[in-house]
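Asker: File follows, protein.cif with mmCIF, C-alpha atoms and all ligand atoms:
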```cif
data_run
loop_
_atom_site.label_atom_id
_atom_site.label_comp_id
_atom_site.auth_asym_id
_atom_site.auth_seq_id
_atom_site.Cartn_x
_atom_site.Cartn_y
_atom_site.Cartn_z
CA MET Z 28 -41.52 -125.60 127.94
CA LYS Z 29 -45.13 -125.35 126.90
CA ALA Z 30 -46.32 -121.79 126.35
CA LEU Z 31 -48.99 -120.62 128.78
CA PRO Z 32 -52.44 -120.19 127.22
CA ARG Z 33 -53.16 -116.62 126.20
CA ARG Z 34 -55.80 -114.53 127.93
CA ILE Z 35 -57.41 -112.23 125.39
CA ALA Z 36 -60.29 -109.92 126.21
CA HIS Z 37 -62.74 -108.23 123.87
CA LEU Z 38 -64.50 -105.12 125.12
CA ASP Z 39 -67.49 -103.62 123.30
CA MET Z 40 -69.47 -100.61 124.50
CA ASP Z 41 -73.22 -101.15 125.00
CA ALA Z 42 -75.56 -99.41 122.52
CA PHE Z 43 -72.70 -96.96 122.12
CA TYR Z 44 -74.09 -93.97 120.19
CA ALA Z 45 -77.40 -94.11 122.03
CA SER Z 46 -75.70 -94.40 125.44
CA VAL Z 47 -73.50 -91.37 124.71
CA ASP Z 48 -76.59 -89.36 123.76
CA LEU Z 49 -78.33 -90.44 126.98
CA LEU Z 50 -75.54 -88.79 128.97
CA ARG Z 51 -76.71 -85.48 127.51
CA TYR Z 52 -80.45 -86.23 127.69
CA PRO Z 53 -80.85 -88.28 130.89
CA GLU Z 54 -84.60 -87.68 130.87
CA LEU Z 55 -84.80 -90.20 127.99
CA ARG Z 56 -83.44 -93.10 130.04
CA GLY Z 57 -85.65 -96.16 129.98
CA GLN Z 58 -87.38 -95.13 126.74
CA PRO Z 59 -86.90 -96.63 123.31
CA LEU Z 60 -84.39 -94.34 121.56
CA VAL Z 61 -83.04 -94.60 118.04
CA ILE Z 62 -80.04 -92.74 116.57
CA GLY Z 63 -80.03 -91.84 112.91
CA GLY Z 64 -81.91 -88.74 112.00
CA SER Z 65 -80.61 -85.55 110.47
CA ASN Z 66 -80.52 -82.10 112.00
CA ALA Z 67 -84.29 -81.84 111.65
CA GLN Z 68 -84.46 -84.30 114.58
CA GLN Z 69 -82.42 -82.01 116.85
CA PRO Z 70 -84.37 -81.55 120.13
CA VAL Z 71 -86.06 -78.18 120.57
CA VAL Z 72 -85.70 -76.36 123.90
CA LEU Z 73 -89.06 -74.97 125.05
CA VAL Z 74 -89.61 -71.71 126.99
CA ASP Z 75 -89.80 -73.57 130.32
CA GLY Z 76 -86.35 -75.06 129.60
CA SER Z 77 -87.65 -78.57 128.92
CA ARG Z 78 -86.78 -80.33 125.69
CA CYS Z 79 -89.05 -81.54 122.95
CA PHE Z 80 -87.84 -84.62 121.04
CA SER Z 81 -88.80 -86.01 117.63
CA ARG Z 82 -90.89 -89.18 117.66
CA LEU Z 83 -90.49 -91.78 114.97
CA ARG Z 84 -94.19 -91.74 114.08
CA ASP Z 85 -93.71 -88.20 112.71
CA TYR Z 86 -90.77 -89.18 110.52
CA VAL Z 87 -91.04 -89.16 106.77
CA GLY Z 88 -88.01 -89.79 104.60
CA ARG Z 89 -85.19 -92.11 103.81
CA GLY Z 90 -82.13 -93.17 105.74
CA VAL Z 91 -81.10 -95.94 108.14
CA ILE Z 92 -80.52 -95.93 111.87
CA THR Z 93 -77.07 -96.44 113.39
CA THR Z 94 -78.16 -98.02 116.66
CA ALA Z 95 -80.95 -98.20 119.22
CA THR Z 96 -81.28 -98.57 122.97
CA TYR Z 97 -82.07 -102.01 124.38
CA GLU Z 98 -85.63 -100.76 125.08
CA ALA Z 99 -86.04 -100.15 121.32
CA ARG Z 100 -84.39 -103.47 120.44
CA ALA Z 101 -87.05 -105.22 122.53
CA LEU Z 102 -89.52 -103.96 119.89
CA GLY Z 103 -87.53 -105.59 117.07
CA VAL Z 104 -85.39 -102.59 116.12
CA ALA Z 105 -81.81 -103.29 114.98
CA SER Z 106 -78.78 -101.38 113.64
CA ALA Z 107 -78.85 -100.48 109.94
CA MET Z 108 -82.65 -100.78 109.63
CA GLY Z 109 -84.44 -98.25 107.45
CA ILE Z 110 -85.93 -95.45 109.55
CA MET Z 111 -89.41 -95.93 108.05
CA LYS Z 112 -89.38 -99.60 109.04
CA VAL Z 113 -88.26 -98.67 112.55
CA ALA Z 114 -91.12 -96.13 112.69
CA ARG Z 115 -93.59 -98.97 112.02
CA LEU Z 116 -92.03 -101.18 114.72
CA ALA Z 117 -91.63 -98.46 117.33
CA PRO Z 118 -93.72 -95.38 116.48
CA GLU Z 119 -93.36 -93.95 120.00
CA ALA Z 120 -89.57 -94.24 120.01
CA ILE Z 121 -87.51 -91.06 120.03
CA LEU Z 122 -85.20 -90.25 117.14
CA LEU Z 123 -81.97 -88.30 117.60
CA PRO Z 124 -79.43 -87.21 114.97
CA VAL Z 125 -75.90 -88.67 115.03
CA ASP Z 126 -73.20 -86.64 116.73
CA PHE Z 127 -69.89 -88.15 115.68
CA ALA Z 128 -67.80 -85.60 117.57
CA ALA Z 129 -69.38 -86.74 120.85
CA TYR Z 130 -68.90 -90.44 120.01
CA ARG Z 131 -65.24 -89.88 119.14
CA HIS Z 132 -64.73 -87.99 122.39
CA TYR Z 133 -66.17 -90.81 124.52
CA SER Z 134 -64.30 -93.37 122.44
CA ARG Z 135 -61.00 -91.72 123.33
CA LEU Z 136 -62.01 -91.47 126.99
CA PHE Z 137 -62.88 -95.15 127.42
CA LYS Z 138 -59.78 -96.35 125.57
CA ALA Z 139 -57.52 -94.12 127.69
CA ALA Z 140 -59.14 -95.47 130.87
CA VAL Z 141 -58.53 -99.08 129.79
CA ALA Z 142 -54.95 -98.31 128.70
CA ARG Z 143 -54.13 -97.24 132.26
CA ILE Z 144 -54.86 -100.83 133.37
CA VAL Z 145 -53.83 -102.90 130.33
CA PRO Z 146 -51.09 -101.60 128.04
CA ALA Z 147 -51.57 -104.16 125.23
CA ILE Z 148 -54.60 -102.88 123.32
CA GLU Z 149 -55.73 -103.44 119.73
CA ASP Z 150 -58.04 -100.65 118.63
CA ARG Z 151 -60.89 -102.13 116.56
CA GLY Z 152 -62.88 -99.00 115.92
CA ILE Z 153 -65.05 -96.53 117.70
CA ASP Z 154 -66.49 -98.78 120.42
CA GLU Z 155 -64.41 -101.95 120.59
CA ILE Z 156 -60.93 -103.07 121.57
CA TYR Z 157 -59.03 -106.29 122.15
CA LEU Z 158 -56.81 -106.55 125.22
CA ASP Z 159 -54.00 -108.98 125.97
CA LEU Z 160 -54.18 -109.86 129.65
CA SER Z 161 -51.60 -112.68 129.43
CA ALA Z 162 -48.78 -110.76 131.08
CA LEU Z 163 -50.87 -109.63 134.06
CA ALA Z 164 -50.98 -111.61 137.29
CA GLU Z 165 -54.51 -110.71 138.38
CA ASP Z 166 -57.25 -113.26 137.66
CA SER Z 167 -59.49 -112.65 134.65
CA ARG Z 168 -62.72 -111.95 136.50
CA SER Z 169 -61.38 -109.28 138.82
CA LEU Z 170 -59.39 -107.69 135.96
CA ALA Z 171 -62.48 -107.56 133.77
CA GLN Z 172 -64.47 -106.08 136.64
CA ARG Z 173 -61.81 -103.45 137.27
CA ILE Z 174 -61.73 -102.53 133.55
CA LYS Z 175 -65.53 -102.19 133.42
CA GLU Z 176 -65.45 -100.00 136.51
CA ALA Z 177 -62.70 -97.80 135.04
CA VAL Z 178 -64.74 -97.34 131.85
CA ARG Z 179 -67.79 -96.38 133.88
CA GLN Z 180 -65.78 -93.94 136.00
CA ALA Z 181 -64.27 -92.26 132.95
CA THR Z 182 -67.40 -92.07 130.81
CA GLY Z 183 -70.52 -92.99 132.76
CA LEU Z 184 -71.07 -95.76 130.20
CA SER Z 185 -71.36 -99.53 130.43
CA CYS Z 186 -69.59 -102.09 128.30
CA SER Z 187 -69.46 -105.84 127.85
CA ILE Z 188 -66.25 -107.84 128.18
CA ALA Z 189 -65.30 -111.42 127.54
CA VAL Z 190 -62.01 -113.14 128.33
CA ALA Z 191 -61.03 -116.19 126.31
CA ALA Z 192 -58.03 -117.94 124.76
CA ASN Z 193 -58.04 -115.86 121.57
CA LYS Z 194 -59.60 -112.95 119.70
CA LEU Z 195 -62.17 -115.07 117.87
CA LEU Z 196 -63.68 -116.51 121.06
CA ALA Z 197 -63.38 -113.26 123.03
CA LYS Z 198 -65.30 -111.43 120.30
CA ILE Z 199 -68.10 -114.00 120.30
CA GLY Z 200 -68.08 -113.97 124.10
CA SER Z 201 -68.51 -110.23 124.60
CA ASP Z 202 -71.84 -110.48 122.78
CA LEU Z 203 -73.17 -113.37 124.92
CA ASP Z 204 -74.25 -111.36 127.95
CA LYS Z 205 -74.97 -107.82 126.65
CA PRO Z 206 -75.52 -105.24 128.04
CA ASP Z 207 -73.09 -104.82 130.97
CA GLY Z 208 -71.81 -108.35 130.43
CA LEU Z 209 -68.79 -110.13 131.87
CA THR Z 210 -68.12 -113.50 130.24
CA LEU Z 211 -65.25 -115.88 130.91
CA LEU Z 212 -64.80 -118.63 128.33
CA ALA Z 213 -62.63 -121.61 129.22
CA ALA Z 214 -61.45 -124.21 126.69
CA ASP Z 215 -64.16 -126.68 127.72
CA ASP Z 216 -66.93 -124.09 127.21
CA LEU Z 217 -66.66 -124.48 123.43
CA ALA Z 218 -69.20 -127.25 122.95
CA GLN Z 219 -71.66 -125.88 125.52
CA ARG Z 220 -71.60 -122.16 124.83
CA ILE Z 221 -70.21 -121.60 121.33
CA TRP Z 222 -71.40 -124.56 119.30
CA PRO Z 223 -75.15 -123.89 119.73
CA LEU Z 224 -74.74 -120.39 118.19
CA PRO Z 225 -75.52 -119.63 114.53
CA VAL Z 226 -72.45 -119.54 112.26
CA ARG Z 227 -72.79 -115.81 111.60
CA LYS Z 228 -71.72 -115.14 115.22
CA ILE Z 229 -68.19 -115.92 114.03
CA ASN Z 230 -66.52 -112.68 113.02
CA GLY Z 231 -65.52 -113.34 109.41
CA ILE Z 232 -68.64 -115.29 108.41
CA GLY Z 233 -70.75 -112.63 106.72
CA PRO Z 234 -74.24 -112.79 105.21
CA LYS Z 235 -72.98 -114.37 101.95
CA ALA Z 236 -70.99 -117.15 103.59
CA SER Z 237 -73.77 -117.93 106.09
CA ALA Z 238 -76.31 -118.13 103.25
CA ARG Z 239 -74.06 -120.59 101.38
CA LEU Z 240 -73.50 -122.62 104.54
CA ALA Z 241 -77.28 -122.72 105.06
CA GLU Z 242 -77.62 -124.18 101.54
CA LEU Z 243 -75.33 -126.98 102.73
CA GLY Z 244 -77.56 -127.48 105.77
CA ILE Z 245 -75.02 -125.88 108.11
CA HIS Z 246 -76.65 -123.41 110.50
CA ALA Z 247 -75.06 -123.83 113.93
CA ILE Z 248 -71.34 -123.62 114.70
CA ARG Z 249 -71.56 -127.23 115.94
CA GLN Z 250 -72.55 -128.36 112.42
CA LEU Z 251 -69.67 -126.37 110.96
CA ALA Z 252 -67.26 -128.01 113.41
CA HIS Z 253 -68.48 -131.45 112.29
CA ALA Z 254 -68.50 -130.63 108.57
CA ASP Z 255 -65.89 -132.27 106.36
CA THR Z 256 -63.07 -129.78 105.70
CA ALA Z 257 -62.69 -131.08 102.13
CA LEU Z 258 -66.36 -130.29 101.48
CA LEU Z 259 -65.92 -126.79 102.91
CA GLN Z 260 -62.85 -126.31 100.72
CA ARG Z 261 -64.76 -127.38 97.63
CA HIS Z 262 -67.44 -124.80 98.29
CA PHE Z 263 -65.40 -121.96 99.74
CA GLY Z 264 -61.87 -122.39 98.40
CA ARG Z 265 -58.85 -123.90 100.14
CA GLY Z 266 -57.91 -121.14 102.56
CA TYR Z 267 -61.38 -120.08 103.65
CA GLY Z 268 -62.48 -123.73 103.94
CA VAL Z 269 -59.69 -124.51 106.40
CA TRP Z 270 -60.33 -121.29 108.28
CA LEU Z 271 -64.06 -122.13 108.64
CA SER Z 272 -63.17 -125.47 110.18
CA GLU Z 273 -60.62 -124.02 112.56
CA ALA Z 274 -62.87 -121.15 113.60
CA ALA Z 275 -65.67 -123.58 114.46
CA HIS Z 276 -63.20 -125.41 116.71
CA GLY Z 277 -62.26 -122.15 118.42
CA ILE Z 278 -58.76 -122.12 116.93
CA ASP Z 279 -57.28 -118.68 116.30
CA ASP Z 280 -53.61 -117.71 116.67
CA ARG Z 281 -53.84 -114.13 115.44
CA PRO Z 282 -51.76 -111.79 117.56
CA LEU Z 283 -53.09 -108.45 118.75
CA LEU Z 284 -52.16 -105.58 116.46
CA THR Z 285 -51.30 -103.23 119.25
CA SER Z 286 -49.97 -100.17 117.46
CA ALA Z 287 -51.17 -98.13 114.57
CA GLU Z 288 -48.16 -99.15 112.44
CA PRO Z 289 -49.10 -99.18 108.74
CA LYS Z 290 -48.63 -102.45 106.85
CA SER Z 291 -47.97 -100.67 103.59
CA ILE Z 292 -47.75 -97.25 102.04
CA SER Z 293 -49.31 -96.73 98.64
CA ARG Z 294 -50.50 -94.19 96.14
CA GLU Z 295 -52.83 -94.71 93.21
CA THR Z 296 -54.46 -92.66 90.49
CA THR Z 297 -57.61 -93.20 88.49
CA PHE Z 298 -57.21 -91.58 85.06
CA GLU Z 299 -59.67 -89.06 83.71
CA ARG Z 300 -59.90 -91.19 80.56
CA ASP Z 301 -58.73 -94.77 80.08
CA LEU Z 302 -55.13 -94.93 78.85
CA HIS Z 303 -53.34 -97.42 76.63
CA VAL Z 304 -49.69 -98.29 77.03
CA ARG Z 305 -49.11 -98.01 73.29
CA ASP Z 306 -50.85 -94.67 72.65
CA ASP Z 307 -50.28 -93.00 76.00
CA ARG Z 308 -46.83 -94.22 76.89
CA GLU Z 309 -45.48 -90.79 77.90
CA THR Z 310 -48.45 -89.97 80.08
CA LEU Z 311 -48.38 -93.34 81.81
CA SER Z 312 -44.67 -93.13 82.39
CA GLY Z 313 -45.08 -89.71 83.94
CA VAL Z 314 -47.86 -90.99 86.19
CA LEU Z 315 -45.73 -93.93 87.32
CA ILE Z 316 -42.80 -91.68 88.13
CA ALA Z 317 -45.02 -89.31 90.10
CA LEU Z 318 -46.57 -92.20 92.05
CA CYS Z 319 -43.15 -93.59 92.95
CA ARG Z 320 -41.93 -90.18 94.01
CA HIS Z 321 -45.00 -89.65 96.22
CA VAL Z 322 -44.67 -93.06 97.83
CA ALA Z 323 -40.98 -92.37 98.50
CA GLU Z 324 -41.88 -89.02 100.08
CA ASP Z 325 -44.55 -90.68 102.24
CA LEU Z 326 -42.06 -93.32 103.37
CA ARG Z 327 -39.44 -90.73 104.30
CA ARG Z 328 -41.87 -88.47 106.07
CA LYS Z 329 -42.99 -91.40 108.22
CA SER Z 330 -39.42 -92.74 108.59
CA TYR Z 331 -40.16 -96.06 106.92
CA ARG Z 332 -38.45 -98.18 104.32
CA GLY Z 333 -39.97 -101.13 102.54
CA ARG Z 334 -38.70 -104.27 100.84
CA THR Z 335 -41.73 -105.31 98.80
CA ILE Z 336 -42.64 -103.10 95.88
CA GLY Z 337 -45.91 -103.70 94.09
CA VAL Z 338 -48.02 -102.29 91.29
CA LYS Z 339 -51.77 -102.36 90.90
CA LEU Z 340 -53.53 -101.99 87.56
CA ARG Z 341 -57.21 -101.74 86.90
CA PHE Z 342 -58.30 -102.28 83.32
CA ALA Z 343 -61.20 -100.55 81.61
CA ASP Z 344 -63.38 -103.61 82.35
CA PHE Z 345 -62.57 -103.19 86.07
CA GLN Z 346 -60.44 -106.31 86.23
CA THR Z 347 -57.69 -105.56 88.73
CA VAL Z 348 -54.27 -107.18 88.80
CA THR Z 349 -51.34 -106.73 91.14
CA ARG Z 350 -47.72 -107.78 90.87
CA ASP Z 351 -44.97 -107.38 93.42
CA LEU Z 352 -41.38 -108.23 94.05
CA THR Z 353 -39.23 -108.24 97.15
CA LEU Z 354 -35.86 -106.51 97.15
CA ALA Z 355 -32.74 -107.66 98.99
CA ALA Z 356 -32.78 -104.54 101.14
CA ALA Z 357 -35.47 -102.13 102.29
CA THR Z 358 -35.61 -98.79 100.52
CA ALA Z 359 -37.30 -95.42 100.62
CA ASP Z 360 -35.70 -94.28 97.40
CA ALA Z 361 -37.84 -93.20 94.46
CA HIS Z 362 -35.34 -94.63 91.90
CA ASP Z 363 -35.35 -98.05 93.55
CA ILE Z 364 -39.13 -98.06 93.79
CA LEU Z 365 -39.51 -97.02 90.16
CA ARG Z 366 -37.07 -99.68 88.95
CA ALA Z 367 -38.94 -102.37 90.88
CA ALA Z 368 -42.34 -101.08 89.75
CA ARG Z 369 -41.24 -101.27 86.11
CA GLU Z 370 -40.00 -104.79 86.70
CA CYS Z 371 -43.44 -105.69 88.06
CA LEU Z 372 -45.17 -104.07 85.07
CA ARG Z 373 -43.18 -106.20 82.65
CA ARG Z 374 -44.97 -109.21 84.12
CA VAL Z 375 -48.43 -107.92 83.19
CA PRO Z 376 -49.87 -108.28 79.66
CA LEU Z 377 -50.84 -104.74 78.71
CA GLU Z 378 -53.11 -105.08 75.68
CA ARG Z 379 -56.13 -103.46 77.27
CA LYS Z 380 -56.75 -99.88 78.29
CA LEU Z 381 -56.06 -98.92 81.89
CA ARG Z 382 -58.24 -96.90 84.21
CA LEU Z 383 -56.07 -96.97 87.33
CA LEU Z 384 -52.43 -97.34 88.26
CA GLY Z 385 -51.06 -97.72 91.77
CA VAL Z 386 -47.72 -98.28 93.51
CA ARG Z 387 -47.40 -99.89 96.93
CA VAL Z 388 -44.47 -100.49 99.26
CA SER Z 389 -44.89 -103.09 102.00
CA THR Z 390 -42.81 -105.28 104.35
CA LEU Z 391 -42.05 -102.04 106.15
CA ALA Z 392 -39.34 -101.41 108.68
CA THR Z 393 -38.68 -98.23 110.58
CA ARG Z 394 -35.27 -96.61 110.36
CA ALA Z 395 -34.61 -97.75 113.91
CA ASP Z 396 -34.99 -101.40 112.82
CA GLU Z 397 -32.24 -101.07 110.25
CA ASP Z 398 -28.52 -101.68 110.36
CA ASP Z 399 -27.73 -98.95 107.89
CA PRO Z 400 -29.64 -95.79 108.70
CA SER Z 401 -28.01 -93.69 105.96
CA GLU Z 402 -30.23 -91.24 104.14
CA PRO Z 403 -31.62 -92.50 100.87
CA ARG Z 404 -30.24 -91.00 97.71
CA GLN Z 405 -31.88 -87.82 96.60
CA GLY Z 406 -32.16 -86.71 93.04
CA GLU Z 407 -34.27 -86.46 89.97
CA LEU Z 408 -35.69 -89.58 88.41
CA ASP Z 409 -34.28 -90.54 85.07
CA LEU Z 410 -37.13 -90.99 82.65
CA THR Z 411 -35.07 -92.76 80.04
CA LYS Z 412 -34.05 -95.77 82.14
CA ARG Z 413 -36.30 -98.68 81.54
N1 LIG N 501 -73.03 -98.46 114.02
C1 LIG N 501 -73.51 -97.90 112.84
N2 LIG N 501 -74.06 -98.69 111.87
C2 LIG N 501 -74.17 -100.04 112.06
C3 LIG N 501 -73.69 -100.62 113.24
C4 LIG N 501 -73.13 -99.80 114.21
O1 LIG N 501 -73.40 -96.68 112.68
N3 LIG N 501 -74.72 -100.80 111.12
C5 LIG N 501 -72.48 -97.58 115.06
C6 LIG N 501 -73.52 -97.28 116.10
C7 LIG N 501 -73.13 -98.13 117.27
C8 LIG N 501 -71.63 -98.25 117.13
O2 LIG N 501 -71.39 -98.20 115.73
O3 LIG N 501 -73.50 -97.51 118.50
C9 LIG N 501 -71.07 -99.51 117.71
O4 LIG N 501 -71.60 -100.66 117.03
P1 LIG N 501 -72.03 -101.96 117.80
O5 LIG N 501 -72.26 -103.01 116.77
O6 LIG N 501 -71.08 -102.27 118.89
O7 LIG N 501 -73.47 -101.61 118.39
P2 LIG N 501 -73.84 -100.88 119.72
O8 LIG N 501 -72.66 -100.49 120.53
O9 LIG N 501 -74.78 -99.78 119.41
O10 LIG N 501 -74.69 -101.98 120.48
P3 LIG N 501 -74.16 -103.29 121.27
O11 LIG N 501 -74.61 -103.08 122.68
O12 LIG N 501 -74.86 -104.42 120.61
O13 LIG N 501 -72.69 -103.33 121.12
MG MG N 502 -71.15 -101.85 120.91
#
```
In C-alpha cells, what does this structure look like?
Answerer:
Amino acid sequence: MKALPRRIAHLDMDAFYASVDLLRYPELRGQPLVIGGSNAQQPVVLVDGSRCFSRLRDYVGRGVITTATYEARALGVASAMGIMKVARLAPEAILLPVDFAAYRHYSRLFKAAVARIVPAIEDRGIDEIYLDLSALAEDSRSLAQRIKEAVRQATGLSCSIAVAANKLLAKIGSDLDKPDGLTLLAADDLAQRIWPLPVRKINGIGPKASARLAELGIHAIRQLAHADTALLQRHFGRGYGVWLSEAAHGIDDRPLLTSAEPKSISRETTFERDLHVRDDRETLSGVLIALCRHVAEDLRRKSYRGRTIGVKLRFADFQTVTRDLTLAAATADAHDILRAARECLRRVPLERKLRLLGVRVSTLATRADEDDPSEPRQGELDLTKR
C-alpha cells in the first residue's frame, strides 16, 4: 500500500516582537515601529497619563534591531540592521527596547493554543513551529484557519501558516503571503510558486552558499533544480551537493522532532592553559575521569543510557577532532564511559598540546525503552586501568 502524502504545516508569527509590544502600546498601531533599543528607549509616562516614545532620529549609538513592523519594513527596514542605518531610513519610526519576558510569555501562549488542536508539534524557537496534520481528517484550509483563529484568540496576534508535503516547502510557504497569510502548496505548485524564488529562500542555503551559487550563475531555485548534481557536488561536497538538488525539487523526508528529547548528553572543559599528554598526564587523566563521571550523573538524573561514546579534542591551534565508538549495550555507567573514552583517545595522535577535552554519549534510550532496567553499577573509578 502506498503511504498517504504527509501534510506538514509551518506557522510563523508576524513581526513577533513588535506585535507583542503593540499589545501593550496600542496607540502605536499603524506606525513604523522598530524593536532593539536599550532601557534608555523605555517610554516615559507624562503627567496627563499619555506616553512619550523615543524616535529613531534622536538615537545615537551602536546596536542592531531585532525586528520591525510591516509599516517600517515598507521604508526598507529589516531585522538585524544597525540602528543608525535604520534611523537614516526611517527617522520618524519609534524605537522600543526588547522585552524577552513578554515574548516568551506570548510564545508559550500561542504554542499551547495550537497544541489543543494539533498534538504533533515541533518547536522551532520563539515564534515558529512545525505541525503534522497528516493524522487529522479535516481539510488543510479549514484546519489552518482554525489554528490561526485559536492563536488570535489566545494572544491577540496574527501569524502566517503554510501547509505542504514537507517541512522544507511548508517553511518556504509560510513566508509567501505574510502577514496573516494562509498558503496551501500542492505538489504541482513547485514550478509555479517555488522555482521563481531566490535560492536563499530555502532554509539551509545561507549567505555563503547563495554567494557561491551566484558565482555559478545560479540565482533562482529553478536554476538550482536544473543544475547538474555532479557540478554541485564538485563545488559544495557530496552530501550538500545532493541535498541542494533535492531541496530545489521540493524533496524533504525529515520527520518532525516533536519532543524535547536530547540527542546526546555531553560535558567538556577548556583548560586554563594548554596541556600536553606527555607532561600533564595526571591532570588530563583526572579531567577525563571527572568528565565521564559528570556525563554519567547527567544520564542517570535524566533516566537515559547511551550506546555511542565519543571524545572531542581541541588542539592549541583550534583544530578539533572527534572519535566515537558504539557499545553492544547502552550504559549510564561512569566506568563503561571512561573505558570507551580511553579507547577513542587511543585513536587520536596526541603530539600537540590540547586546549579542550570533551566526552559525549549519544544514541540515547530511556530506561523505559530497555529490556534490562537494572541500576548501573555504582562505585569509584579506578584510575590505574588503562
Ligand atoms: N529576531 C531577532 N534577530 C533577528 C531576527 C529575528 O532578534 N535577526 C527576533 C525578532 C523577531 C523574532 O525573532 O520578532 C522572530 O523572527 P522572524 O524572522 O520570524 O521575524 P518576525 O516575526 O519579526 O517577522 P515575520 O513577520 O517576517 O515573521
Ligand atoms: Mg515571525
Asker: Around all listed atoms of range 260-275 of chain Z, padded 5 Å per side, what centre and edge lengths does the axis-aligned box have in Å to one decimal, as JSON?
Answerer:
```
{"center_x": -62.7, "center_y": -123.7, "center_z": 106.0, "size_x": 19.5, "size_y": 17.3, "size_z": 26.8}
```
Asker: Using only C-alpha atoms and all ligand atoms, what are the residues with an atom within 12 Å of ligand MG 502 (chain N), set out as a ChimeraX atom specification?
Answerer: /Z:37-47,93-97,106,130,134,151-156,184-188,198,201-202,205-208
Asker: Counting only C-alpha atoms and all ligand atoms, figure out which residue out of Z:Ala192, Z:Met111, Z:Ile199, Z:Pro118 gets nearest to ligand LIG 501 (chain N).
Answerer: Z:Ile199
Asker: For Ala36 in chain Z, please output as a ChimeraX atom specification all residues within 6 Å (counting all atoms listed in the file; exclusion window: fewer than 5 positions along the same chain).
Answerer: /Z:157-158,189-190,197
Asker: Using all atoms listed in the file for the distances, tell me which of Z:Leu123, Z:Leu209, Z:Leu259, Z:Val91 is nearest to Leu55 in chain Z.
Answerer: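 For Leu55 in chain Z, the nearest of the candidates is Z:Leu123.
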Asker: Using only C-alpha atoms and all ligand atoms, find the one residue out of Z:Ala147, Z:Ile92, Z:Leu340, Z:Ala257 that sits nearest to ligand LIG 501 (chain N).
Answerer: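 Among Z:Ala147, Z:Ile92, Z:Leu340, Z:Ala257, it is Z:Ile92 that comes nearest to ligand LIG 501 (chain N).
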Asker: When you count all atoms listed in the file, which of these residues is closest to ligand LIG 501 (chain N): Z:Pro289, Z:Pro70, Z:Gly109, Z:Gly57?
Answerer: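 The answer is Z:Gly109, which sits nearest to ligand LIG 501 (chain N).
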Asker: Which is closest to Asn230 in chain Z among Z:Asp216, Z:Glu242, Z:Glu295, Z:Asp279, if we use all atoms listed in the file?
Answerer: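 Looking at the shortest contact to Asn230 in chain Z, the residue is Z:Asp279.
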Asker: Between CA of Ala191 in chain Z and CA of Asp159 in chain Z, what is the spacing in Å?
Answerer: 10.1 Å
